[in-house]
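Enquirer: Next up, input.pdb (PDB, C-alpha atoms, pLDDT in the B column).
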```
MODEL        1
ATOM      1  CA  MET U  18       2.942 -15.174 -10.899  1.00 96.00           C
ATOM      2  CA  GLN U  19       5.588 -14.296  -8.325  1.00 98.00           C
ATOM      3  CA  ILE U  20       5.196 -11.062  -6.389  1.00 98.00           C
ATOM      4  CA  GLY U  21       8.045  -9.593  -4.378  1.00 98.00           C
ATOM      5  CA  ILE U  22       6.833  -7.977  -1.158  1.00 98.00           C
ATOM      6  CA  LEU U  23       9.019  -4.984  -0.312  1.00 98.00           C
ATOM      7  CA  GLN U  24       8.666  -4.575   3.443  1.00 98.00           C
ATOM      8  CA  THR U  25       9.143  -0.981   4.577  1.00 98.00           C
ATOM      9  CA  GLY U  26       8.071  -1.290   8.216  1.00 96.00           C
ATOM     10  CA  ALA U  27       7.058  -3.740  10.932  1.00 94.00           C
ATOM     11  CA  SER U  28       3.906  -4.366  12.894  1.00 93.00           C
ATOM     12  CA  PRO U  29       4.158  -3.475  16.594  1.00 93.00           C
ATOM     13  CA  ASP U  30       5.914  -6.021  18.798  1.00 93.00           C
ATOM     14  CA  ALA U  31       2.818  -6.309  20.976  1.00 93.00           C
ATOM     15  CA  LEU U  32       0.659  -7.328  18.006  1.00 95.00           C
ATOM     16  CA  ARG U  33       3.060  -9.382  15.906  1.00 95.00           C
ATOM     17  CA  GLY U  34       2.588 -12.623  17.783  1.00 94.00           C
ATOM     18  CA  GLU U  35      -1.142 -12.642  17.061  1.00 94.00           C
ATOM     19  CA  HIS U  36      -1.263 -10.977  13.649  1.00 95.00           C
ATOM     20  CA  GLY U  37       2.175 -11.489  12.108  1.00 96.00           C
ATOM     21  CA  ASP U  38       4.315  -8.958  10.281  1.00 97.00           C
ATOM     22  CA  TYR U  39       3.305  -6.828   7.312  1.00 97.00           C
ATOM     23  CA  PRO U  40       4.157  -9.385   4.600  1.00 98.00           C
ATOM     24  CA  ASP U  41       1.949 -11.913   6.401  1.00 98.00           C
ATOM     25  CA  PHE U  42      -1.031  -9.578   6.035  1.00 98.00           C
ATOM     26  CA  PHE U  43      -0.616  -9.361   2.273  1.00 98.00           C
ATOM     27  CA  GLU U  44      -0.095 -13.075   1.806  1.00 98.00           C
ATOM     28  CA  ARG U  45      -3.352 -13.678   3.695  1.00 97.00           C
ATOM     29  CA  LEU U  46      -5.177 -10.937   1.787  1.00 98.00           C
ATOM     30  CA  LEU U  47      -4.154 -12.246  -1.640  1.00 98.00           C
ATOM     31  CA  GLN U  48      -4.153 -15.992  -0.995  1.00 97.00           C
ATOM     32  CA  GLY U  49      -5.978 -18.198  -3.474  1.00 97.00           C
ATOM     33  CA  ARG U  50      -5.642 -15.683  -6.302  1.00 97.00           C
ATOM     34  CA  GLY U  51      -2.870 -17.209  -8.396  1.00 96.00           C
ATOM     35  CA  LEU U  52       0.038 -15.357  -6.790  1.00 98.00           C
ATOM     36  CA  ALA U  53       3.194 -16.583  -5.047  1.00 98.00           C
ATOM     37  CA  PHE U  54       5.400 -14.405  -2.865  1.00 98.00           C
ATOM     38  CA  ARG U  55       8.983 -13.563  -1.962  1.00 98.00           C
ATOM     39  CA  ARG U  56       9.911 -11.168   0.809  1.00 98.00           C
ATOM     40  CA  PHE U  57      12.538  -8.431   0.855  1.00 98.00           C
ATOM     41  CA  HIS U  58      13.011  -6.370   4.012  1.00 98.00           C
ATOM     42  CA  VAL U  59      14.010  -3.150   2.273  1.00 98.00           C
ATOM     43  CA  GLU U  60      13.709  -1.115   5.477  1.00 98.00           C
ATOM     44  CA  ALA U  61      16.718  -3.179   6.609  1.00 98.00           C
ATOM     45  CA  MET U  62      18.366  -2.541   3.192  1.00 98.00           C
ATOM     46  CA  GLU U  63      17.576  -6.030   1.860  1.00 98.00           C
ATOM     47  CA  PHE U  64      16.835  -5.163  -1.767  1.00 98.00           C
ATOM     48  CA  PRO U  65      16.300  -7.421  -4.780  1.00 98.00           C
ATOM     49  CA  ALA U  66      19.147  -7.608  -7.276  1.00 97.00           C
ATOM     50  CA  GLY U  67      16.924  -5.985  -9.902  1.00 97.00           C
ATOM     51  CA  VAL U  68      13.364  -5.195 -10.894  1.00 98.00           C
ATOM     52  CA  GLN U  69      13.137  -8.347 -13.039  1.00 97.00           C
ATOM     53  CA  ASP U  70      13.773 -10.660 -10.059  1.00 98.00           C
ATOM     54  CA  CYS U  71      10.000 -11.076  -9.619  1.00 98.00           C
ATOM     55  CA  ASP U  72       7.033 -10.704 -11.944  1.00 97.00           C
ATOM     56  CA  GLY U  73       5.641  -7.818  -9.895  1.00 98.00           C
ATOM     57  CA  TRP U  74       6.194  -5.891  -6.679  1.00 98.00           C
ATOM     58  CA  LEU U  75       4.135  -4.811  -3.683  1.00 98.00           C
ATOM     59  CA  ILE U  76       5.314  -2.087  -1.306  1.00 98.00           C
ATOM     60  CA  THR U  77       3.916  -2.275   2.222  1.00 98.00           C
ATOM     61  CA  GLY U  78       2.937   0.316   4.786  1.00 97.00           C
ATOM     62  CA  SER U  79       5.360   1.821   7.272  1.00 97.00           C
ATOM     63  CA  ARG U  80       5.370   4.122  10.273  1.00 94.00           C
ATOM     64  CA  HIS U  81       8.005   6.218   8.469  1.00 96.00           C
ATOM     65  CA  GLY U  82       7.255   9.289   6.390  1.00 96.00           C
ATOM     66  CA  ALA U  83       8.212   9.079   2.721  1.00 97.00           C
ATOM     67  CA  TYR U  84       9.852  12.500   3.088  1.00 97.00           C
ATOM     68  CA  GLU U  85      12.056  11.411   6.010  1.00 97.00           C
ATOM     69  CA  ASP U  86      15.775  10.715   5.753  1.00 96.00           C
ATOM     70  CA  HIS U  87      16.176   6.952   6.042  1.00 98.00           C
ATOM     71  CA  PRO U  88      18.805   4.891   4.175  1.00 98.00           C
ATOM     72  CA  PHE U  89      16.212   2.830   2.256  1.00 98.00           C
ATOM     73  CA  ILE U  90      14.172   5.761   0.889  1.00 98.00           C
ATOM     74  CA  LYS U  91      16.294   6.820  -2.103  1.00 98.00           C
ATOM     75  CA  PRO U  92      17.120   3.258  -3.250  1.00 98.00           C
ATOM     76  CA  LEU U  93      13.429   2.399  -3.063  1.00 98.00           C
ATOM     77  CA  GLU U  94      12.503   5.443  -5.132  1.00 98.00           C
ATOM     78  CA  ASP U  95      15.103   4.418  -7.725  1.00 98.00           C
ATOM     79  CA  PHE U  96      13.671   0.895  -7.735  1.00 98.00           C
ATOM     80  CA  VAL U  97      10.155   2.234  -8.384  1.00 98.00           C
ATOM     81  CA  ARG U  98      11.323   4.341 -11.312  1.00 98.00           C
ATOM     82  CA  LYS U  99      13.234   1.418 -12.826  1.00 98.00           C
ATOM     83  CA  ALA U 100      10.220  -0.889 -12.469  1.00 98.00           C
ATOM     84  CA  TYR U 101       8.012   1.689 -14.170  1.00 98.00           C
ATOM     85  CA  ALA U 102      10.516   2.162 -16.990  1.00 97.00           C
ATOM     86  CA  GLN U 103      10.773  -1.604 -17.536  1.00 97.00           C
ATOM     87  CA  HIS U 104       6.990  -2.193 -17.328  1.00 96.00           C
ATOM     88  CA  VAL U 105       7.213  -4.398 -14.240  1.00 97.00           C
ATOM     89  CA  PRO U 106       3.925  -3.926 -12.323  1.00 98.00           C
ATOM     90  CA  VAL U 107       3.992  -2.412  -8.854  1.00 98.00           C
ATOM     91  CA  VAL U 108       1.300  -2.044  -6.183  1.00 98.00           C
ATOM     92  CA  GLY U 109       1.755   0.331  -3.256  1.00 98.00           C
ATOM     93  CA  ILE U 110      -0.279   0.408  -0.052  1.00 98.00           C
ATOM     94  CA  CYS U 111      -0.338   3.394   2.355  1.00 98.00           C
ATOM     95  CA  PHE U 112       3.389   4.231   2.686  1.00 98.00           C
ATOM     96  CA  GLY U 113       3.866   2.334  -0.572  1.00 98.00           C
ATOM     97  CA  HIS U 114       1.257   4.592  -2.187  1.00 98.00           C
ATOM     98  CA  GLN U 115       3.104   7.637  -0.868  1.00 98.00           C
ATOM     99  CA  ILE U 116       6.694   6.653  -1.694  1.00 98.00           C
ATOM    100  CA  ILE U 117       5.687   5.781  -5.253  1.00 98.00           C
ATOM    101  CA  ALA U 118       4.014   9.156  -5.719  1.00 98.00           C
ATOM    102  CA  GLN U 119       7.089  10.905  -4.347  1.00 98.00           C
ATOM    103  CA  ALA U 120       9.410   8.855  -6.568  1.00 98.00           C
ATOM    104  CA  MET U 121       7.353   9.755  -9.632  1.00 98.00           C
ATOM    105  CA  GLY U 122       7.285  13.502  -9.016  1.00 98.00           C
ATOM    106  CA  GLY U 123       4.391  14.000  -6.615  1.00 98.00           C
ATOM    107  CA  LYS U 124       4.378  15.494  -3.126  1.00 98.00           C
ATOM    108  CA  VAL U 125       3.784  13.762   0.205  1.00 98.00           C
ATOM    109  CA  GLU U 126       3.384  15.630   3.466  1.00 97.00           C
ATOM    110  CA  ARG U 127       1.786  15.505   6.878  1.00 95.00           C
ATOM    111  CA  TYR U 128      -1.818  16.420   6.177  1.00 95.00           C
ATOM    112  CA  ALA U 129      -3.139  19.548   7.882  1.00 92.00           C
ATOM    113  CA  GLY U 130      -6.520  17.835   8.327  1.00 93.00           C
ATOM    114  CA  GLY U 131      -5.018  15.253  10.663  1.00 94.00           C
ATOM    115  CA  TRP U 132      -5.626  11.517  10.855  1.00 96.00           C
ATOM    116  CA  SER U 133      -7.828   9.043   9.026  1.00 96.00           C
ATOM    117  CA  VAL U 134      -8.421   5.953  11.173  1.00 97.00           C
ATOM    118  CA  GLY U 135     -10.575   2.855  10.887  1.00 97.00           C
ATOM    119  CA  PRO U 136     -13.268   1.875   8.368  1.00 97.00           C
ATOM    120  CA  THR U 137     -13.485   4.592   5.714  1.00 97.00           C
ATOM    121  CA  ASP U 138     -15.604   4.914   2.580  1.00 97.00           C
ATOM    122  CA  TYR U 139     -13.838   5.529  -0.730  1.00 98.00           C
ATOM    123  CA  ASP U 140     -15.300   6.284  -4.150  1.00 98.00           C
ATOM    124  CA  PHE U 141     -13.742   4.229  -6.943  1.00 97.00           C
ATOM    125  CA  GLY U 142     -15.441   5.580 -10.043  1.00 95.00           C
ATOM    126  CA  GLY U 143     -18.903   5.459  -8.488  1.00 95.00           C
ATOM    127  CA  GLU U 144     -18.248   2.184  -6.673  1.00 96.00           C
ATOM    128  CA  LYS U 145     -17.989   2.383  -2.879  1.00 97.00           C
ATOM    129  CA  PHE U 146     -15.217   0.538  -1.066  1.00 98.00           C
ATOM    130  CA  THR U 147     -15.066   0.504   2.731  1.00 98.00           C
ATOM    131  CA  LEU U 148     -11.478  -0.119   3.822  1.00 98.00           C
ATOM    132  CA  ASN U 149      -9.480   0.453   6.977  1.00 98.00           C
ATOM    133  CA  ALA U 150      -7.309   3.557   7.137  1.00 97.00           C
ATOM    134  CA  TRP U 151      -4.387   4.432   9.387  1.00 97.00           C
ATOM    135  CA  HIS U 152      -2.519   7.508   8.200  1.00 96.00           C
ATOM    136  CA  ARG U 153      -1.719  11.132   8.834  1.00 95.00           C
ATOM    137  CA  ASP U 154       0.486  11.669   5.761  1.00 97.00           C
ATOM    138  CA  GLN U 155      -1.088  12.047   2.334  1.00 97.00           C
ATOM    139  CA  VAL U 156      -0.209  12.491  -1.317  1.00 98.00           C
ATOM    140  CA  THR U 157      -1.109  16.165  -1.548  1.00 97.00           C
ATOM    141  CA  LEU U 158       0.078  16.578  -5.150  1.00 97.00           C
ATOM    142  CA  LYS U 159      -0.173  13.612  -7.480  1.00 98.00           C
ATOM    143  CA  PRO U 160       2.434  12.953 -10.185  1.00 98.00           C
ATOM    144  CA  ALA U 161       1.470  14.323 -13.592  1.00 97.00           C
ATOM    145  CA  MET U 162       1.182  10.872 -15.196  1.00 96.00           C
ATOM    146  CA  ALA U 163      -0.990   9.438 -12.418  1.00 98.00           C
ATOM    147  CA  GLU U 164      -4.774   9.154 -12.714  1.00 98.00           C
ATOM    148  CA  ILE U 165      -6.971   9.424  -9.617  1.00 98.00           C
ATOM    149  CA  VAL U 166      -9.070   6.248  -9.471  1.00 98.00           C
ATOM    150  CA  GLY U 167     -10.154   6.426  -5.836  1.00 98.00           C
ATOM    151  CA  SER U 168     -10.896   9.281  -3.442  1.00 97.00           C
ATOM    152  CA  SER U 169     -12.742  10.296  -0.301  1.00 96.00           C
ATOM    153  CA  ASP U 170     -13.859  13.590   1.217  1.00 92.00           C
ATOM    154  CA  PHE U 171     -10.778  13.440   3.443  1.00 95.00           C
ATOM    155  CA  CYS U 172      -8.246  12.126   0.934  1.00 97.00           C
ATOM    156  CA  GLU U 173      -8.496  13.308  -2.670  1.00 97.00           C
ATOM    157  CA  ASN U 174      -5.609  11.185  -3.978  1.00 98.00           C
ATOM    158  CA  ALA U 175      -6.685   7.974  -2.250  1.00 98.00           C
ATOM    159  CA  ALA U 176      -5.870   5.638  -5.149  1.00 98.00           C
ATOM    160  CA  LEU U 177      -3.710   6.293  -8.198  1.00 98.00           C
ATOM    161  CA  LEU U 178      -3.104   4.454 -11.459  1.00 98.00           C
ATOM    162  CA  TYR U 179       0.054   5.022 -13.500  1.00 97.00           C
ATOM    163  CA  ASP U 180      -0.806   3.725 -16.980  1.00 93.00           C
ATOM    164  CA  ASP U 181      -1.120  -0.047 -16.569  1.00 91.00           C
ATOM    165  CA  ARG U 182       2.137  -0.264 -14.633  1.00 96.00           C
ATOM    166  CA  ILE U 183       1.496   0.970 -11.078  1.00 98.00           C
ATOM    167  CA  PHE U 184      -1.608   0.864  -8.875  1.00 98.00           C
ATOM    168  CA  THR U 185      -1.548   2.425  -5.402  1.00 98.00           C
ATOM    169  CA  VAL U 186      -4.020   2.743  -2.533  1.00 98.00           C
ATOM    170  CA  GLN U 187      -3.780   4.941   0.558  1.00 98.00           C
ATOM    171  CA  ALA U 188      -6.010   2.677   2.665  1.00 98.00           C
ATOM    172  CA  HIS U 189      -5.052  -0.645   4.262  1.00 98.00           C
ATOM    173  CA  PRO U 190      -7.129  -3.434   2.700  1.00 98.00           C
ATOM    174  CA  GLU U 191      -4.796  -5.911   4.420  1.00 98.00           C
ATOM    175  CA  PHE U 192      -5.709  -4.718   7.950  1.00 98.00           C
ATOM    176  CA  PRO U 193      -8.632  -6.415   9.725  1.00 97.00           C
ATOM    177  CA  ASN U 194     -10.542  -4.456  12.351  1.00 97.00           C
ATOM    178  CA  SER U 195      -8.835  -6.402  15.142  1.00 96.00           C
ATOM    179  CA  PHE U 196      -5.414  -5.145  14.030  1.00 97.00           C
ATOM    180  CA  VAL U 197      -6.576  -1.535  13.711  1.00 97.00           C
ATOM    181  CA  ASP U 198      -8.012  -1.832  17.214  1.00 97.00           C
ATOM    182  CA  GLY U 199      -4.598  -3.072  18.320  1.00 96.00           C
ATOM    183  CA  LEU U 200      -2.895  -0.114  16.648  1.00 96.00           C
ATOM    184  CA  MET U 201      -5.231   2.248  18.460  1.00 96.00           C
ATOM    185  CA  ARG U 202      -4.361   0.580  21.769  1.00 94.00           C
ATOM    186  CA  THR U 203      -0.579   0.439  21.194  1.00 92.00           C
ATOM    187  CA  ARG U 204       0.232   3.416  18.984  1.00 91.00           C
ATOM    188  CA  GLY U 205      -2.856   5.595  19.174  1.00 93.00           C
ATOM    189  CA  PRO U 206      -2.907   7.063  22.703  1.00 93.00           C
ATOM    190  CA  GLY U 207      -1.467  10.566  22.693  1.00 92.00           C
ATOM    191  CA  LEU U 208      -1.073  10.478  18.921  1.00 93.00           C
ATOM    192  CA  VAL U 209      -4.553   9.982  17.441  1.00 95.00           C
ATOM    193  CA  PRO U 210      -7.437  12.037  18.893  1.00 95.00           C
ATOM    194  CA  ASP U 211      -9.617   9.957  21.211  1.00 96.00           C
ATOM    195  CA  GLU U 212     -12.799  10.949  19.382  1.00 96.00           C
ATOM    196  CA  LEU U 213     -11.428   9.624  16.082  1.00 95.00           C
ATOM    197  CA  MET U 214     -10.565   6.288  17.652  1.00 96.00           C
ATOM    198  CA  ALA U 215     -14.004   6.068  19.275  1.00 96.00           C
ATOM    199  CA  ALA U 216     -15.678   6.773  15.923  1.00 96.00           C
ATOM    200  CA  ALA U 217     -13.529   4.098  14.272  1.00 96.00           C
ATOM    201  CA  ARG U 218     -14.552   1.508  16.852  1.00 96.00           C
ATOM    202  CA  ASP U 219     -18.214   2.386  16.251  1.00 95.00           C
ATOM    203  CA  ARG U 220     -17.768   1.346  12.602  1.00 95.00           C
ATOM    204  CA  PHE U 221     -16.116  -2.009  13.326  1.00 96.00           C
ATOM    205  CA  GLN U 222     -19.477  -3.776  13.190  1.00 90.00           C
ATOM    206  CA  GLY U 223     -19.934  -3.024   9.480  1.00 91.00           C
ATOM    207  CA  PRO U 224     -18.451  -5.058   6.632  1.00 94.00           C
ATOM    208  CA  LEU U 225     -15.140  -4.276   4.941  1.00 97.00           C
ATOM    209  CA  ASP U 226     -14.512  -4.565   1.209  1.00 98.00           C
ATOM    210  CA  SER U 227     -11.010  -5.983   1.606  1.00 98.00           C
ATOM    211  CA  PRO U 228     -11.800  -9.127  -0.467  1.00 97.00           C
ATOM    212  CA  ARG U 229     -13.006  -6.974  -3.368  1.00 97.00           C
ATOM    213  CA  MET U 230      -9.870  -4.848  -3.193  1.00 98.00           C
ATOM    214  CA  ALA U 231      -7.780  -8.013  -3.037  1.00 98.00           C
ATOM    215  CA  ASP U 232      -9.467  -9.107  -6.272  1.00 98.00           C
ATOM    216  CA  ARG U 233      -8.656  -5.750  -7.821  1.00 97.00           C
ATOM    217  CA  ILE U 234      -4.995  -5.948  -6.815  1.00 98.00           C
ATOM    218  CA  ALA U 235      -4.647  -9.540  -8.013  1.00 97.00           C
ATOM    219  CA  ASN U 236      -6.375  -8.741 -11.312  1.00 96.00           C
ATOM    220  CA  PHE U 237      -4.012  -5.802 -11.812  1.00 97.00           C
ATOM    221  CA  PHE U 238      -1.027  -8.123 -11.493  1.00 97.00           C
ATOM    222  CA  LEU U 239      -2.504 -11.013 -13.465  1.00 96.00           C
ATOM    223  CA  SER U 240      -3.766  -8.877 -16.341  1.00 89.00           C
ATOM    224  CA  HIS U 241      -0.283  -7.446 -16.724  1.00 80.00           C
ATOM    225  CA  GLN U 242       1.152 -10.962 -16.786  1.00 75.00           C
ATOM    226  CA  ALA U 243      -1.415 -11.995 -19.409  1.00 77.00           C
ATOM    227  CA  LYS U 244      -0.435  -9.060 -21.630  1.00 75.00           C
ATOM    228  CA  LYS U 245       3.238  -9.976 -21.268  1.00 70.00           C
ATOM    229  CA  THR U 246       2.550 -13.628 -22.116  1.00 66.00           C
ATOM    230  CA  GLY U 247       0.495 -12.629 -25.137  1.00 67.00           C
ATOM    231  CA  ALA U 248       3.222 -10.336 -26.413  1.00 60.00           C
ATOM    232  CA  GLU U 249       5.813 -13.095 -26.008  1.00 58.00           C
ATOM    233  CA  LYS U 250       3.631 -15.512 -28.017  1.00 55.00           C
ATOM    234  CA  LEU U 251       3.313 -12.971 -30.817  1.00 51.00           C
ATOM    235  CA  ARG U 252       7.100 -12.620 -30.965  1.00 55.00           C
ATOM    236  CA  ALA U 253       7.649 -16.396 -30.976  1.00 50.00           C
TER
ENDMDL
END
```
Would you mind writing the file's structure down as structure tokens?
Expert:
Amino acid sequence: MQIGILQTGASPDALRGEHGDYPDFFERLLQGRGLAFRRFHVEAMEFPAGVQDCDGWLITGSRHGAYEDHPFIKPLEDFVRKAYAQHVPVVGICFGHQIIAQAMGGKVERYAGGWSVGPTDYDFGGEKFTLNAWHRDQVTLKPAMAEIVGSSDFCENAALLYDDRIFTVQAHPEFPNSFVDGLMRTRGPGLVPDELMAAARDRFQGPLDSPRMADRIANFFLSHQAKKTGAEKLRA
């Protein structure tokens, strides 16, 4: 199954040599799970010709706000709505989670409660996932058709499911602790409160549930592909 990675930002120059760029993170996260990848740098206005160009789509994180005025924002929102209408599965992570919610009628804004940084516990229907966070914006009003499938005390709309067509997560399952530490060193000073960064570093010794979330993302894509294949066989 071929997944198009829609890149909406770039990792910091100081960290890219060691960790790679955002598409690299997702290819590492999802490797060995039956998926192949193509990359589209939509932040630079490199868009696919259409939503059927790949079997599914994944929208990355970004340092931009979904509510900001950048040339790629409106075309990306249109792309999300077309993919939903044509039943092409989409996964959104952090900014991807937010831009999808905005495209589908929800609200994204800078959260009055501030930042969420580092290993964070989320409740997915009674199942705990510990994943890295790096965000100040949140989906503060979910779209009407979206179901909350993951939340935390800090972030109510932490994961959303739109029928069987779109799955989005506010956290960063693709980020290892070493990269979050790098973000705190390169982007954090003067932006993220020192006490939050210290608390995040204290939690780096514990395990992350990124592999389990990778399984969930891959299964979301693959189950959609299986349904499509089954429907095509019935029509044959």
Enquirer: Could you produce a table of the residues of segment 160-205 of chain U lying within 10 Å of segment 132-137 of chain U, with the nearest pair of atoms per residue and their separation in Å rounded to one decimal, using all atoms listed in the file, ordered by chain and increasing residue number, as JSON lines?
Expert:
```
{"residue": "U:Ser169", "atom": "CA", "partner": "U:Thr137", "partner_atom": "CA", "distance": 8.3}
{"residue": "U:Phe171", "atom": "CA", "partner": "U:Ser133", "partner_atom": "CA", "distance": 7.7}
{"residue": "U:Cys172", "atom": "CA", "partner": "U:Ser133", "partner_atom": "CA", "distance": 8.7}
{"residue": "U:Ala188", "atom": "CA", "partner": "U:Thr137", "partner_atom": "CA", "distance": 8.3}
{"residue": "U:His189", "atom": "CA", "partner": "U:Gly135", "partner_atom": "CA", "distance": 9.3}
{"residue": "U:Pro190", "atom": "CA", "partner": "U:Pro136", "partner_atom": "CA", "distance": 9.9}
{"residue": "U:Phe192", "atom": "CA", "partner": "U:Gly135", "partner_atom": "CA", "distance": 9.5}
{"residue": "U:Pro193", "atom": "CA", "partner": "U:Gly135", "partner_atom": "CA", "distance": 9.5}
{"residue": "U:Asn194", "atom": "CA", "partner": "U:Gly135", "partner_atom": "CA", "distance": 7.5}
{"residue": "U:Val197", "atom": "CA", "partner": "U:Gly135", "partner_atom": "CA", "distance": 6.6}
{"residue": "U:Asp198", "atom": "CA", "partner": "U:Gly135", "partner_atom": "CA", "distance": 8.3}
{"residue": "U:Leu200", "atom": "CA", "partner": "U:Val134", "partner_atom": "CA", "distance": 9.9}
{"residue": "U:Met201", "atom": "CA", "partner": "U:Val134", "partner_atom": "CA", "distance": 8.8}
{"residue": "U:Gly205", "atom": "CA", "partner": "U:Val134", "partner_atom": "CA", "distance": 9.8}
```
Enquirer: Create the file for the chosen residues now, containing C-alpha atoms and written as a short mmCIF file (atom, residue, chain, number, x, y, z; two decimals), keeping the file's coordinate frame.
Expert:
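So out_38.cif came out as:
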```cif
data_model
loop_
_atom_site.label_atom_id
_atom_site.label_comp_id
_atom_site.auth_asym_id
_atom_site.auth_seq_id
_atom_site.Cartn_x
_atom_site.Cartn_y
_atom_site.Cartn_z
CA SER U 169 -12.74 10.30 -0.30
CA PHE U 171 -10.78 13.44 3.44
CA CYS U 172 -8.25 12.13 0.93
CA ALA U 188 -6.01 2.68 2.66
CA HIS U 189 -5.05 -0.64 4.26
CA PRO U 190 -7.13 -3.43 2.70
CA PHE U 192 -5.71 -4.72 7.95
CA PRO U 193 -8.63 -6.42 9.72
CA ASN U 194 -10.54 -4.46 12.35
CA VAL U 197 -6.58 -1.54 13.71
CA ASP U 198 -8.01 -1.83 17.21
CA LEU U 200 -2.90 -0.11 16.65
CA MET U 201 -5.23 2.25 18.46
CA GLY U 205 -2.86 5.60 19.17
#
```
Enquirer: Which one of U:Ala231, U:Val186, U:Arg56, U:Asp154 sits closest to Asp38 of chain U if you count all atoms listed in the file?
Expert: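 Ranked by minimum distance to Asp38 of chain U, first place goes to U:Arg56.
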Enquirer: Which residues, written as a PyMOL selection string, have at least one atom at most 7 Å from Gln19 of chain U, with only C-alpha atoms counted and residues fewer than 2 positions away on the same chain left out?
Expert: chain U and resi 21+52-54+71-73
Enquirer: Could you list the residues chosen by the PyMOL selection byres ((chain U and resi 226) around 8) in this structure as a PyMOL selection string?
Expert: chain U and resi 146-148+190+224-225+227-230
Enquirer: Where does the PyMOL selection byres ((chain U and resi 88) around 9) land in this file, that is, which residues does it pick, as a list in words?
Expert: Glu60, Ala61, Met62, Asp86, His87, Phe89, Ile90, Lys91 and Pro92 of chain U
Enquirer: Going by the chain IDs and residue numbers used in this file, which residues fall under the PyMOL selection byres ((chain U and resi 36) around 12)? Write them as a list in words.
Expert: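 In the shown coordinates, the PyMOL selection byres ((chain U and resi 36) around 12) covers Ala27, Ser28, Pro29, Asp30, Ala31, Leu32, Arg33, Gly34, Glu35, Gly37, Asp38, Tyr39, Pro40, Asp41, Phe42, Phe43, Arg45, Glu191, Phe192, Pro193, Asn194, Ser195, Phe196, Val197, Asp198, Gly199 and Leu200 of chain U.
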Enquirer: Restricting the calculation to all atoms listed in the file, which member of U:Leu47, U:Val209, U:Ile165, U:Met214 is positioned closest to Thr185 of chain U?
Expert: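 Using all atoms listed in the file, Thr185 of chain U sits closest to U:Ile165.
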Enquirer: Which residue gives the smallest distance to Pro106 of chain U among U:Thr157, U:Thr25, U:Gln69, U:Ser79, with only C-alpha atoms counted?
Expert: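 That would be U:Gln69, the residue with the smallest distance to Pro106 of chain U.
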Enquirer: With distances taken over all atoms listed in the file, which of U:Gly143, U:Gly130, U:Pro210, U:Gly109 is nearest to Ala176 of chain U?
Expert: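 The shortest atom-to-atom distance to Ala176 of chain U comes from U:Gly109.
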Enquirer: Padding of 6 Å on every side, edges along x, y and z, all listed atoms of segment 87-101 of chain U included: what centre and edge lengths in Å, to one decimal, does that box have, as JSON?
Expert:
```
{"center_x": 13.4, "center_y": 3.0, "center_z": -4.1, "size_x": 22.8, "size_y": 19.8, "size_z": 32.2}
```
Enquirer: I'd like the contact shell of Ala129 of chain U - 10 Å cut-off, only C-alpha atoms, skipping same-chain residues fewer than 2 positions apart - returned as a PDB file with C-alpha atoms, in the frame of the given file.
Expert:
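Saved the output as around_1.pdb:
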```
ATOM      1  CA  GLU U 126       3.384  15.630   3.466  1.00 97.00           C
ATOM      2  CA  ARG U 127       1.786  15.505   6.878  1.00 95.00           C
ATOM      3  CA  GLY U 131      -5.018  15.253  10.663  1.00 94.00           C
ATOM      4  CA  TRP U 132      -5.626  11.517  10.855  1.00 96.00           C
ATOM      5  CA  ARG U 153      -1.719  11.132   8.834  1.00 95.00           C
ATOM      6  CA  ASP U 154       0.486  11.669   5.761  1.00 97.00           C
ATOM      7  CA  GLN U 155      -1.088  12.047   2.334  1.00 97.00           C
TER       8      GLN U 155
END
```
Enquirer: Show which residues sit within 12 Å of Gln103 of chain U, as a VMD selection string. Count all atoms listed in the file, and ignore same-chain residues fewer than 6 positions away.
Expert: chain U and resid 67 to 69 72 to 73 96 to 97 182 to 183 245
Enquirer: Take atom CA of Ala215 of chain U and atom CA of Ala83 of chain U and report the distance between them in Å, one decimal.
Expert: 27.9 Å
Enquirer: Rank nothing, just name the residue among U:Val125, U:Ile110, U:Val105, U:Ile20 nearest to Glu85 of chain U, using all atoms listed in the file.
Expert: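 Of all the options, U:Val125 lies closest to Glu85 of chain U.
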Enquirer: In terms of the shortest atom-to-atom distance over all atoms listed in the file, which of U:Met121, U:Ala66, U:Val59, U:Ala102 is closest to Leu158 of chain U?
Expert: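 Result for the nearest residue to Leu158 of chain U: U:Met121.
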Enquirer: Reconstruct N, CA and C atoms of segment 152-158 of chain U from the incomplete input and present them as a PDB file, keeping the file's coordinate frame.
Expert:
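New file out-v2.pdb:
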```pdb
ATOM      1  N   HIS U 152      -3.547   6.610   8.755  1.00 96.00           N
ATOM      2  CA  HIS U 152      -2.519   7.508   8.200  1.00 96.00           C
ATOM      3  C   HIS U 152      -2.784   8.953   8.594  1.00 96.00           C
ATOM      4  N   ARG U 153      -1.683   9.675   8.666  1.00 95.00           N
ATOM      5  CA  ARG U 153      -1.719  11.132   8.834  1.00 95.00           C
ATOM      6  C   ARG U 153      -1.061  11.809   7.639  1.00 95.00           C
ATOM      7  N   ASP U 154      -0.115  11.146   6.987  1.00 97.00           N
ATOM      8  CA  ASP U 154       0.486  11.669   5.761  1.00 97.00           C
ATOM      9  C   ASP U 154      -0.434  11.394   4.576  1.00 97.00           C
ATOM     10  N   GLN U 155      -0.311  12.230   3.560  1.00 97.00           N
ATOM     11  CA  GLN U 155      -1.088  12.047   2.334  1.00 97.00           C
ATOM     12  C   GLN U 155      -0.263  12.459   1.121  1.00 97.00           C
ATOM     13  N   VAL U 156      -0.683  11.953  -0.041  1.00 98.00           N
ATOM     14  CA  VAL U 156      -0.209  12.491  -1.317  1.00 98.00           C
ATOM     15  C   VAL U 156      -1.022  13.755  -1.569  1.00 98.00           C
ATOM     16  N   THR U 157      -0.388  14.894  -1.386  1.00 97.00           N
ATOM     17  CA  THR U 157      -1.109  16.165  -1.548  1.00 97.00           C
ATOM     18  C   THR U 157      -1.004  16.722  -2.967  1.00 97.00           C
ATOM     19  N   LEU U 158      -0.042  16.222  -3.734  1.00 97.00           N
ATOM     20  CA  LEU U 158       0.078  16.578  -5.150  1.00 97.00           C
ATOM     21  C   LEU U 158       0.456  15.314  -5.904  1.00 97.00           C
TER      22      LEU U 158
END
```
